[in-house]
file data_24.cif (mmCIF, C-alpha atoms)
data_start
#
loop_
_atom_site.label_atom_id
_atom_site.label_comp_id
_atom_site.auth_asym_id
_atom_site.auth_seq_id
_atom_site.Cartn_x
_atom_site.Cartn_y
_atom_site.Cartn_z
CA MET A 1 -20.26 36.82 3.82
CA ASP A 2 -21.48 33.34 2.96
CA ALA A 3 -22.32 31.16 5.97
CA ASP A 4 -19.86 28.54 4.71
CA ASP A 5 -17.10 31.12 4.56
CA ALA A 6 -17.51 31.82 8.26
CA ILE A 7 -16.44 28.26 9.07
CA SER A 8 -12.69 27.89 9.28
CA ASP A 9 -10.74 25.34 7.25
CA GLY A 10 -9.77 23.64 10.52
CA ALA A 11 -13.39 23.07 11.52
CA LEU A 12 -14.24 21.75 8.06
CA ILE A 13 -11.26 19.40 8.16
CA ASP A 14 -12.28 18.07 11.57
CA ALA A 15 -15.80 17.42 10.33
CA ALA A 16 -14.54 15.83 7.10
CA ARG A 17 -12.32 13.52 9.14
CA GLN A 18 -15.48 12.26 10.83
CA GLY A 19 -16.92 11.49 7.41
CA ASP A 20 -19.04 14.63 7.01
CA GLY A 21 -19.54 14.88 3.24
CA ASP A 22 -21.00 18.40 3.42
CA ALA A 23 -17.92 19.70 5.20
CA ALA A 24 -15.70 17.98 2.65
CA ALA A 25 -17.74 19.52 -0.19
CA CYS A 26 -17.45 22.96 1.39
CA LEU A 27 -13.68 22.58 1.74
CA TYR A 28 -13.48 21.33 -1.84
CA HIS A 29 -15.47 24.22 -3.33
CA ARG A 30 -13.49 26.72 -1.31
CA HIS A 31 -10.14 25.57 -2.72
CA ILE A 32 -10.91 23.89 -6.05
CA ASP A 33 -10.07 26.96 -8.15
CA ARG A 34 -6.61 27.32 -6.68
CA VAL A 35 -5.85 23.62 -7.09
CA HIS A 36 -7.09 23.79 -10.67
CA ARG A 37 -4.94 26.86 -11.41
CA ILE A 38 -1.80 25.23 -10.01
CA CYS A 39 -2.41 21.99 -11.91
CA TYR A 40 -3.12 23.77 -15.18
CA ARG A 41 -0.02 25.94 -14.98
CA ILE A 42 2.20 22.95 -14.24
CA VAL A 43 0.65 20.34 -16.55
CA LEU A 44 -0.04 22.92 -19.30
CA ASP A 45 -2.70 20.90 -21.04
CA ARG A 46 -6.43 21.53 -20.79
CA SER A 47 -7.35 17.93 -21.63
CA GLN A 48 -5.28 16.56 -18.75
CA VAL A 49 -5.91 19.06 -16.01
CA ALA A 50 -9.22 17.63 -14.75
CA ASP A 51 -7.68 14.20 -14.17
CA CYS A 52 -4.75 15.81 -12.40
CA VAL A 53 -7.09 17.83 -10.17
CA GLN A 54 -8.98 14.67 -9.33
CA GLU A 55 -5.74 12.96 -8.29
CA VAL A 56 -4.97 15.90 -6.03
CA TRP A 57 -8.32 15.74 -4.23
CA PHE A 58 -8.18 11.98 -4.02
CA LYS A 59 -4.88 12.35 -2.14
CA VAL A 60 -6.10 15.28 -0.06
CA PHE A 61 -9.20 13.50 1.23
CA ARG A 62 -7.21 10.39 2.08
CA SER A 63 -4.47 12.36 3.80
CA LEU A 64 -6.65 14.67 5.86
CA GLY A 65 -6.08 12.41 8.85
CA ARG A 66 -2.37 13.16 8.70
CA PHE A 67 -2.78 16.91 8.22
CA GLN A 68 -1.87 18.87 11.35
CA CYS A 69 -4.21 21.78 11.94
CA ASP A 70 -1.38 23.86 13.42
CA ASN A 71 -0.08 24.37 9.88
CA SER A 72 -1.69 26.33 7.07
CA PHE A 73 -4.10 24.19 5.09
CA THR A 74 -3.55 26.36 2.02
CA THR A 75 0.21 25.81 2.08
CA TRP A 76 -0.28 22.08 2.59
CA LEU A 77 -2.86 21.91 -0.21
CA ASN A 78 -0.58 23.88 -2.57
CA SER A 79 2.18 21.43 -1.76
CA VAL A 80 0.02 18.38 -2.49
CA ALA A 81 -1.30 19.98 -5.68
CA ALA A 82 2.16 20.97 -6.94
CA ASN A 83 3.77 17.60 -6.23
CA THR A 84 0.85 15.68 -7.69
CA ALA A 85 0.92 17.86 -10.81
CA ILE A 86 4.68 17.36 -11.19
CA ASP A 87 4.28 13.57 -10.91
CA TYR A 88 1.30 13.62 -13.26
CA TYR A 89 3.19 15.68 -15.85
CA ARG A 90 6.25 13.41 -15.71
CA LYS A 91 4.18 10.23 -15.95
CA TRP A 92 2.18 11.62 -18.81
CA LYS A 93 5.31 12.77 -20.64
CA ARG A 94 7.01 9.41 -20.05
CA ASN A 95 4.05 7.63 -21.57
CA GLY A 96 4.56 9.65 -24.73
CA ARG A 97 1.19 11.35 -24.62
CA HIS A 98 2.59 14.81 -24.12
CA VAL A 99 1.25 17.48 -26.44
CA GLY A 100 4.10 19.34 -28.10
CA ILE A 101 4.42 23.07 -28.48
CA GLU A 102 3.25 22.89 -32.06
CA ASP A 103 -0.02 21.30 -30.94
CA VAL A 104 -0.88 24.38 -28.88
CA SER A 105 -0.46 26.56 -31.86
CA ALA A 106 -1.95 29.89 -32.63
CA GLU A 107 -3.94 28.24 -35.45
CA ARG A 108 -5.82 26.13 -32.93
CA LEU A 109 -6.40 28.62 -30.16
CA PRO A 110 -8.39 31.26 -32.07
CA ALA A 111 -10.89 28.61 -33.15
CA GLU A 112 -12.14 28.52 -29.57
CA ALA A 113 -12.97 32.22 -29.55
CA PRO A 114 -14.26 34.91 -31.91
CA VAL A 115 -11.62 35.93 -34.36
CA ASP A 116 -10.67 39.54 -34.11
CA GLY A 117 -7.37 41.36 -33.73
CA ARG A 118 -7.28 41.20 -29.96
CA GLN A 119 -8.20 37.52 -29.80
CA LEU A 120 -5.45 36.67 -32.24
CA ASP A 121 -2.96 38.59 -30.13
CA ASN A 122 -4.17 36.82 -27.02
CA ALA A 123 -3.90 33.46 -28.75
CA ALA A 124 -0.39 34.25 -29.92
CA MET A 125 0.55 35.38 -26.45
CA GLN A 126 -0.91 32.20 -24.94
CA ARG A 127 1.13 30.16 -27.36
CA ARG A 128 4.30 32.02 -26.44
CA ILE A 129 3.66 31.59 -22.73
CA HIS A 130 3.11 27.89 -23.37
CA GLU A 131 6.31 27.65 -25.35
CA ALA A 132 8.31 29.46 -22.70
CA LEU A 133 6.90 27.32 -19.90
CA GLN A 134 7.55 24.14 -21.83
CA GLU A 135 11.14 25.10 -22.53
CA ILE A 136 12.00 24.95 -18.85
CA THR A 137 11.87 21.99 -16.49
CA VAL A 138 8.74 21.14 -14.55
CA ASN A 139 10.46 22.02 -11.26
CA GLN A 140 11.46 25.45 -12.57
CA ARG A 141 7.91 26.01 -13.74
CA THR A 142 6.47 24.88 -10.41
CA ALA A 143 8.75 27.18 -8.43
CA PHE A 144 7.64 30.12 -10.55
CA VAL A 145 3.94 29.25 -10.35
CA LEU A 146 4.02 28.89 -6.58
CA ARG A 147 5.97 32.13 -6.15
CA TYR A 148 4.11 34.50 -8.45
CA PHE A 149 0.65 33.05 -8.71
CA GLU A 150 0.24 31.52 -5.26
CA GLN A 151 2.43 33.97 -3.35
CA MET A 152 4.40 31.30 -1.52
CA SER A 153 7.76 32.24 -0.05
CA PRO A 154 10.98 30.72 -1.43
CA SER A 155 11.45 28.78 1.82
CA GLU A 156 7.96 27.23 1.52
CA ILE A 157 8.61 26.39 -2.13
CA ALA A 158 11.93 24.82 -1.16
CA LYS A 159 10.04 22.51 1.22
CA VAL A 160 7.52 21.61 -1.47
CA LEU A 161 10.21 20.77 -4.02
CA GLY A 162 12.62 19.26 -1.50
CA CYS A 163 15.49 21.56 -2.46
CA ARG A 164 17.38 24.59 -1.14
CA GLU A 165 16.12 28.16 -1.29
CA GLY A 166 19.02 29.04 -3.59
CA THR A 167 17.84 26.38 -6.03
CA VAL A 168 14.32 27.80 -5.91
CA ARG A 169 15.68 31.26 -6.81
CA THR A 170 17.64 29.76 -9.71
CA HIS A 171 14.48 27.99 -10.92
CA ILE A 172 12.52 31.25 -10.80
CA GLN A 173 15.29 33.17 -12.52
CA ARG A 174 15.43 30.70 -15.42
CA CYS A 175 11.68 30.73 -15.78
CA LEU A 176 11.59 34.52 -15.88
CA LEU A 177 14.34 34.65 -18.48
CA ALA A 178 12.56 32.09 -20.65
CA LEU A 179 9.29 34.00 -20.40
CA ARG A 180 10.95 37.31 -21.12
CA ALA A 181 12.73 35.91 -24.16
CA ARG A 182 9.37 34.79 -25.60
CA LEU A 183 7.07 37.58 -24.50
CA THR A 184 9.11 40.68 -25.21
CA ASP A 185 9.22 39.86 -28.89
CA LYS A 186 8.19 42.68 -31.23
CA ALA A 187 5.15 40.73 -32.35
CA ILE A 188 3.59 41.01 -28.93
CA THR A 189 3.75 44.39 -27.41
CA ARG A 190 1.95 45.69 -24.42
CA GLY A 191 -0.22 47.82 -26.64
CA ALA A 192 -1.15 44.94 -28.89
CA VAL A 193 -2.22 42.82 -25.96
CA LYS A 194 -4.34 45.56 -24.50
CA MET B 195 6.08 51.22 -11.72
CA SER B 196 6.04 48.39 -9.19
CA ASN B 197 4.40 45.08 -8.51
CA PRO B 198 3.79 43.81 -4.97
CA ARG B 199 4.30 40.26 -6.20
CA PHE B 200 7.66 41.08 -7.74
CA SER B 201 9.42 43.80 -5.84
CA LEU B 202 12.58 45.53 -6.93
CA GLU B 203 14.28 43.99 -3.95
CA GLU B 204 13.40 40.48 -5.09
CA PHE B 205 14.50 41.35 -8.61
CA ASN B 206 17.88 42.39 -7.20
CA THR B 207 18.10 39.11 -5.29
CA LEU B 208 17.39 37.11 -8.44
CA PHE B 209 19.74 39.09 -10.69
CA PRO B 210 22.46 40.47 -8.45
CA ASP B 211 25.28 42.57 -9.92
CA LYS B 212 24.06 42.04 -13.48
CA PHE B 213 23.64 45.67 -14.46
CA ALA B 214 26.11 48.45 -15.07
CA SER B 215 23.85 51.24 -13.79
CA ARG B 216 20.67 51.74 -11.79
CA GLU B 217 18.90 53.01 -14.92
CA GLU B 218 19.70 49.81 -16.75
CA MET B 219 18.51 47.76 -13.79
CA LEU B 220 15.21 49.67 -13.62
CA LYS B 221 14.74 49.24 -17.35
CA GLU B 222 15.20 45.47 -17.02
CA TYR B 223 12.94 45.35 -13.97
CA ASN B 224 10.17 47.10 -15.90
CA ALA B 225 10.62 44.66 -18.76
CA PHE B 226 10.08 41.77 -16.34
CA LEU B 227 7.03 43.50 -14.89
CA LEU B 228 5.55 43.64 -18.38
CA VAL B 229 6.15 39.91 -18.69
CA LEU B 230 4.29 39.27 -15.42
CA GLU B 231 1.48 41.54 -16.54
CA GLN B 232 1.08 39.53 -19.71
CA LEU B 233 1.05 36.35 -17.69
CA ASP B 234 -1.75 37.72 -15.53
CA GLN B 235 -3.80 38.28 -18.64
CA ALA B 236 -3.40 34.70 -19.79
CA PRO B 237 -6.63 33.04 -18.67
CA VAL B 238 -6.84 29.65 -17.03
CA PRO B 239 -9.68 27.65 -18.63
CA GLU B 240 -12.44 27.07 -16.08
CA LEU B 241 -13.74 23.74 -14.90
CA SER B 242 -17.41 23.29 -15.65
CA MET B 243 -19.81 22.80 -12.72
CA ARG B 244 -20.56 19.30 -13.94
CA ARG B 245 -16.85 18.42 -14.01
CA ARG B 246 -16.35 19.90 -10.54
CA ALA B 247 -19.18 17.82 -9.13
CA GLU B 248 -17.83 14.71 -10.85
CA ILE B 249 -14.33 15.22 -9.44
CA PHE B 250 -15.73 15.61 -5.93
CA ARG B 251 -17.93 12.53 -6.27
CA ARG B 252 -14.97 10.44 -7.45
CA SER B 253 -12.49 11.68 -4.89
CA TRP B 254 -14.78 11.63 -1.85
CA PRO B 255 -16.01 8.08 -1.41
CA ALA B 256 -17.77 8.69 1.93
CA GLN B 257 -18.10 5.02 2.89
CA SER B 258 -14.45 4.12 2.53
CA GLN B 259 -13.52 7.48 4.01
CA ARG B 260 -15.26 6.64 7.27
CA SER B 261 -13.62 3.27 7.48
CA THR B 262 -10.21 4.93 7.16
CA TRP B 263 -10.61 6.82 10.39
CA THR B 264 -12.97 4.66 12.37
CA TRP B 265 -11.77 1.24 13.37
CA SER B 266 -13.89 -1.70 12.43
CA PRO B 267 -13.06 -5.43 12.45
CA LEU B 268 -13.64 -5.70 8.71
CA ALA B 269 -11.36 -2.75 7.98
CA PHE B 270 -8.67 -4.32 10.16
CA TRP B 271 -8.67 -7.56 8.16
CA LYS B 272 -8.71 -5.67 4.88
CA ARG B 273 -5.30 -4.13 5.55
CA PRO B 274 -2.69 -5.55 3.14
CA ALA B 275 -0.11 -6.25 5.84
CA VAL B 276 -2.63 -8.12 7.96
CA THR B 277 -3.89 -10.08 4.98
CA PHE B 278 -0.34 -11.00 4.01
CA ALA B 279 0.56 -12.11 7.55
CA LEU B 280 -2.66 -14.09 7.78
CA GLY B 281 -1.93 -15.80 4.48
CA LEU B 282 1.57 -16.66 5.65
CA ALA B 283 0.31 -18.14 8.92
CA LEU B 284 -2.37 -20.16 7.12
CA GLY B 285 0.19 -21.46 4.63
CA CYS B 286 2.53 -22.54 7.43
CA ALA B 287 -0.30 -24.25 9.31
CA LEU B 288 -1.37 -26.06 6.14
CA MET B 289 2.16 -27.27 5.41
CA LEU B 290 2.56 -28.44 8.99
CA GLY B 291 -0.70 -30.39 8.75
CA ILE B 292 0.33 -32.02 5.47
CA THR B 293 3.76 -33.04 6.70
CA LYS B 294 2.34 -34.45 9.97
CA ALA B 295 -0.32 -36.43 8.13
CA GLN B 296 2.27 -38.34 6.10
CA PRO B 297 3.26 -41.72 7.73
CA GLN B 298 6.65 -41.41 9.29
CA PRO B 299 9.09 -44.20 8.34
CA PRO B 300 10.36 -46.26 11.29
CA HIS B 301 13.63 -45.02 12.63
CA PRO B 302 16.16 -46.81 10.46
CA ILE B 303 18.80 -48.86 12.26
CA PRO B 304 22.14 -48.55 10.56
CA VAL B 305 23.05 -51.72 8.75
CA GLU B 306 26.46 -51.87 10.32
CA GLU B 307 24.83 -52.07 13.78
CA THR B 308 22.82 -55.20 12.91
CA PHE B 309 25.13 -56.99 10.57
CA ALA B 310 28.70 -56.60 9.34
CA VAL B 311 30.51 -58.64 6.75
CA GLU B 312 34.20 -58.74 6.03
CA ARG B 313 35.18 -60.44 2.83
CA THR B 314 38.47 -61.81 1.68
CA GLN B 315 39.20 -64.13 -1.26
CA HIS B 316 38.16 -67.40 0.43
CA MET B 317 36.61 -66.22 3.67
CA GLU B 318 33.64 -64.19 4.87
CA THR B 319 33.33 -63.02 8.49
CA TYR B 320 29.89 -62.04 9.82
CA SER B 321 29.34 -60.11 13.04
CA GLY B 322 26.80 -57.73 14.65
CA LYS B 323 23.58 -57.69 16.63
CA VAL B 324 21.94 -60.45 14.66
CA LEU B 325 24.57 -62.93 15.75
CA GLN B 326 24.44 -61.66 19.34
CA GLU B 327 20.68 -62.29 19.35
CA LEU B 328 21.19 -65.76 17.85
CA TYR B 329 23.87 -66.72 20.36
CA PRO B 330 23.17 -64.64 23.47
CA LYS B 331 25.44 -66.68 25.74
CA ILE B 332 28.52 -66.11 23.60
CA GLU B 333 30.34 -62.83 23.83
CA ASN B 334 31.23 -61.06 20.57
CA PRO B 335 30.16 -63.90 18.29
CA THR B 336 31.48 -63.88 14.75
CA MET B 337 30.77 -66.43 12.10
CA VAL B 338 33.45 -67.30 9.61
CA VAL B 339 32.48 -68.99 6.35
CA GLU B 340 35.47 -70.29 4.41
CA LYS B 341 36.42 -72.71 1.69
CA THR B 342 39.63 -74.62 2.10
CA GLN B 343 39.53 -75.53 -1.61
CA GLU B 344 37.72 -74.13 -4.59
CA SER B 345 35.56 -77.24 -5.06
CA SER B 346 35.02 -78.05 -1.38
CA PRO B 347 31.77 -77.00 0.38
CA PRO B 348 32.00 -73.90 2.66
CA ARG B 349 32.89 -74.51 6.29
CA ARG B 350 31.07 -72.42 8.90
CA VAL B 351 32.77 -71.78 12.22
CA LEU B 352 31.38 -69.69 15.06
CA HIS B 353 34.02 -67.80 17.06
CA GLY B 354 33.40 -66.20 20.43
CA THR B 355 34.28 -66.16 24.12
CA LEU B 356 32.59 -67.09 27.40
CA ASP B 357 33.09 -66.02 31.00
CA ASN B 358 34.55 -62.59 30.20
CA GLY B 359 36.88 -63.93 27.59
CA LYS B 360 38.30 -66.77 29.68
CA ILE B 361 37.00 -69.43 27.32
CA GLN B 362 37.40 -69.16 23.58
CA VAL B 363 34.66 -70.83 21.55
CA LEU B 364 35.16 -72.36 18.13
CA TRP B 365 32.02 -74.04 16.96
CA ASN B 366 31.73 -75.80 13.65
CA LEU B 367 28.23 -75.22 12.37
#
call {"tool": "encode", "arguments": {"input": "data_24.cif", "output": "structure tokens"}}
result
Amino acid sequence: MDADDAISDGALIDAARQGDGDAAACLYHRHIDRVHRICYRIVLDRSQVADCVQEVWFKVFRSLGRFQCDNSFTTWLNSVAANTAIDYYRKWKRNGRHVGIEDVSAERLPAEAPVDGRQLDNAAMQRRIHEALQEITVNQRTAFVLRYFEQMSPSEIAKVLGCREGTVRTHIQRCLLALRARLTDKAITRGAVK
Amino acid sequence: MSNPRFSLEEFNTLFPDKFASREEMLKEYNAFLLVLEQLDQAPVPELSMRRRAEIFRRSWPAQSQRSTWTWSPLAFWKRPAVTFALGLALGCALMLGITKAQPQPPHPIPVEETFAVERTQHMETYSGKVLQELYPKIENPTMVVEKTQESSPPRRVLHGTLDNGKIQVLWNL
């Protein structure tokens, strides 16, 4: 176990509140991957995700003083990340700089990786996931991401999104249906992906 | 086939009473599990180490971070609400200074208090404080200027009383 891992989030937060940059860096490196994952899956654009992640950490470091250590830091961080990503996505879309489905096409994706049968299948699958996730609303997408990738409960997600648990379930249901409609196509079978 | 992240129980909660038989339900559940499996295989592009370091450097400005939690006189005055209130107070003080510096006009005495004129076609009657100051011994002095004829010079007569109105004064000026 790394020495940094032995220190709890609470202790790192206390130290960071006192202006300890090393503690802040440790906290940051411990959670950056999760924040990045959440932002990427909500914003859905590689070129925008770094800026979104930066906004999240900017807010996190300035709000640490208000965070209550009795609560889970991970849940709080997920909440900040999800809401920041939702706002970022909406602002970006409103400004007309949103990349359409056709821009994340299969023609573009394979260029980033060696072209063989499996890579093409993966690229096509990526495109379909993108398409499915872009078909639904950002709140539906966020509910799904928090439930299945971050293992948050529907009640926690309801608090993050400021809605009822029933609404969260509806969001997840619609997201699953959209994904299934795209991904169970004959072109992409389980065997082809593997 | 099962997935701890997406249990059959949760599937039933999300899609209640949608299937005619248990076999059909299990078939659909497995189809959704395949979807989740495919999602798990979709990679999330990684952030480079350089980008990670840059994000931390930009989002953790240590100097301003300290001032957020530790009170300092400078930080207090930098707060927008304090700056706004200070600006408002300074503006008010400045306006007060400007308005006080301007010379105040003497308190105007209403014209009717000093002098009153009643005009008719051939006669003008003057009254007021000016006449009282001119003839302090006469009570309620009024001066009547009249022309008996159009071409004749105006005749000035001072009317008033003395000794609490016992004596009426008519004085040709």
call {"tool": "resolve_selection", "arguments": {"input": "data_24.cif", "expression": "the PyMOL selection byres ((chain A) within 9 of (chain B))", "output": "PyMOL selection string"}}
result
chain A and resi 16-21+24-25+28-29+32-33+36-37+40-41+46+50-51+53-62+65+122+125-126+129+147-149+151+169-170+172-173+176-177+179-180+183-184+190+193
call {"tool": "write_last_selection", "arguments": {"input": "data_24.cif", "atoms": "C-alpha atoms", "output": "PDB file, in the coordinates of the input"}}
result
ATOM      1  CA  ALA A  16     -14.540  15.830   7.100  1.00  0.00           C
ATOM      2  CA  ARG A  17     -12.320  13.520   9.140  1.00  0.00           C
ATOM      3  CA  GLN A  18     -15.480  12.260  10.830  1.00  0.00           C
ATOM      4  CA  GLY A  19     -16.920  11.490   7.410  1.00  0.00           C
ATOM      5  CA  ASP A  20     -19.040  14.630   7.010  1.00  0.00           C
ATOM      6  CA  GLY A  21     -19.540  14.880   3.240  1.00  0.00           C
ATOM      7  CA  ALA A  24     -15.700  17.980   2.650  1.00  0.00           C
ATOM      8  CA  ALA A  25     -17.740  19.520  -0.190  1.00  0.00           C
ATOM      9  CA  TYR A  28     -13.480  21.330  -1.840  1.00  0.00           C
ATOM     10  CA  HIS A  29     -15.470  24.220  -3.330  1.00  0.00           C
ATOM     11  CA  ILE A  32     -10.910  23.890  -6.050  1.00  0.00           C
ATOM     12  CA  ASP A  33     -10.070  26.960  -8.150  1.00  0.00           C
ATOM     13  CA  HIS A  36      -7.090  23.790 -10.670  1.00  0.00           C
ATOM     14  CA  ARG A  37      -4.940  26.860 -11.410  1.00  0.00           C
ATOM     15  CA  TYR A  40      -3.120  23.770 -15.180  1.00  0.00           C
ATOM     16  CA  ARG A  41      -0.020  25.940 -14.980  1.00  0.00           C
ATOM     17  CA  ARG A  46      -6.430  21.530 -20.790  1.00  0.00           C
ATOM     18  CA  ALA A  50      -9.220  17.630 -14.750  1.00  0.00           C
ATOM     19  CA  ASP A  51      -7.680  14.200 -14.170  1.00  0.00           C
ATOM     20  CA  VAL A  53      -7.090  17.830 -10.170  1.00  0.00           C
ATOM     21  CA  GLN A  54      -8.980  14.670  -9.330  1.00  0.00           C
ATOM     22  CA  GLU A  55      -5.740  12.960  -8.290  1.00  0.00           C
ATOM     23  CA  VAL A  56      -4.970  15.900  -6.030  1.00  0.00           C
ATOM     24  CA  TRP A  57      -8.320  15.740  -4.230  1.00  0.00           C
ATOM     25  CA  PHE A  58      -8.180  11.980  -4.020  1.00  0.00           C
ATOM     26  CA  LYS A  59      -4.880  12.350  -2.140  1.00  0.00           C
ATOM     27  CA  VAL A  60      -6.100  15.280  -0.060  1.00  0.00           C
ATOM     28  CA  PHE A  61      -9.200  13.500   1.230  1.00  0.00           C
ATOM     29  CA  ARG A  62      -7.210  10.390   2.080  1.00  0.00           C
ATOM     30  CA  GLY A  65      -6.080  12.410   8.850  1.00  0.00           C
ATOM     31  CA  ASN A 122      -4.170  36.820 -27.020  1.00  0.00           C
ATOM     32  CA  MET A 125       0.550  35.380 -26.450  1.00  0.00           C
ATOM     33  CA  GLN A 126      -0.910  32.200 -24.940  1.00  0.00           C
ATOM     34  CA  ILE A 129       3.660  31.590 -22.730  1.00  0.00           C
ATOM     35  CA  ARG A 147       5.970  32.130  -6.150  1.00  0.00           C
ATOM     36  CA  TYR A 148       4.110  34.500  -8.450  1.00  0.00           C
ATOM     37  CA  PHE A 149       0.650  33.050  -8.710  1.00  0.00           C
ATOM     38  CA  GLN A 151       2.430  33.970  -3.350  1.00  0.00           C
ATOM     39  CA  ARG A 169      15.680  31.260  -6.810  1.00  0.00           C
ATOM     40  CA  THR A 170      17.640  29.760  -9.710  1.00  0.00           C
ATOM     41  CA  ILE A 172      12.520  31.250 -10.800  1.00  0.00           C
ATOM     42  CA  GLN A 173      15.290  33.170 -12.520  1.00  0.00           C
ATOM     43  CA  LEU A 176      11.590  34.520 -15.880  1.00  0.00           C
ATOM     44  CA  LEU A 177      14.340  34.650 -18.480  1.00  0.00           C
ATOM     45  CA  LEU A 179       9.290  34.000 -20.400  1.00  0.00           C
ATOM     46  CA  ARG A 180      10.950  37.310 -21.120  1.00  0.00           C
ATOM     47  CA  LEU A 183       7.070  37.580 -24.500  1.00  0.00           C
ATOM     48  CA  THR A 184       9.110  40.680 -25.210  1.00  0.00           C
ATOM     49  CA  ARG A 190       1.950  45.690 -24.420  1.00  0.00           C
ATOM     50  CA  VAL A 193      -2.220  42.820 -25.960  1.00  0.00           C
TER      51      VAL A 193
END
call {"tool": "resolve_selection", "arguments": {"input": "data_24.cif", "expression": "the PyMOL selection byres ((chain A and resi 138) around 12)", "output": "PyMOL selection string"}}
result
chain A and resi 39+41-44+82-91+93+132-137+139-145+161+171-172+174-175
call {"tool": "resolve_selection", "arguments": {"input": "data_24.cif", "expression": "the PyMOL selection byres ((chain B and resi 323-329) around 12)", "output": "PyMOL selection string"}}
result
chain B and resi 303-311+319-322+330-338+352-356+363+365
call {"tool": "atom_distance", "arguments": {"input": "data_24.cif", "atom1": "CA of Arg94 in chain A", "atom2": "CA of Arg127 in chain A"}}
result
22.8 Å
call {"tool": "closest_residue", "arguments": {"input": "data_24.cif", "among": "A:Ala123, A:Val49, A:Leu27, A:Gly10", "to": "Gln68 in chain A", "atoms": "all atoms listed in the file"}}
result
A:Gly10
call {"tool": "axis_aligned_box", "arguments": {"input": "data_24.cif", "around": "range 322-337 of chain B", "padding_each_side": "4 Å", "output": "JSON"}}
result
{"center_x": 26.1, "center_y": -62.2, "center_z": 18.9, "size_x": 18.8, "size_y": 17.0, "size_z": 21.6}
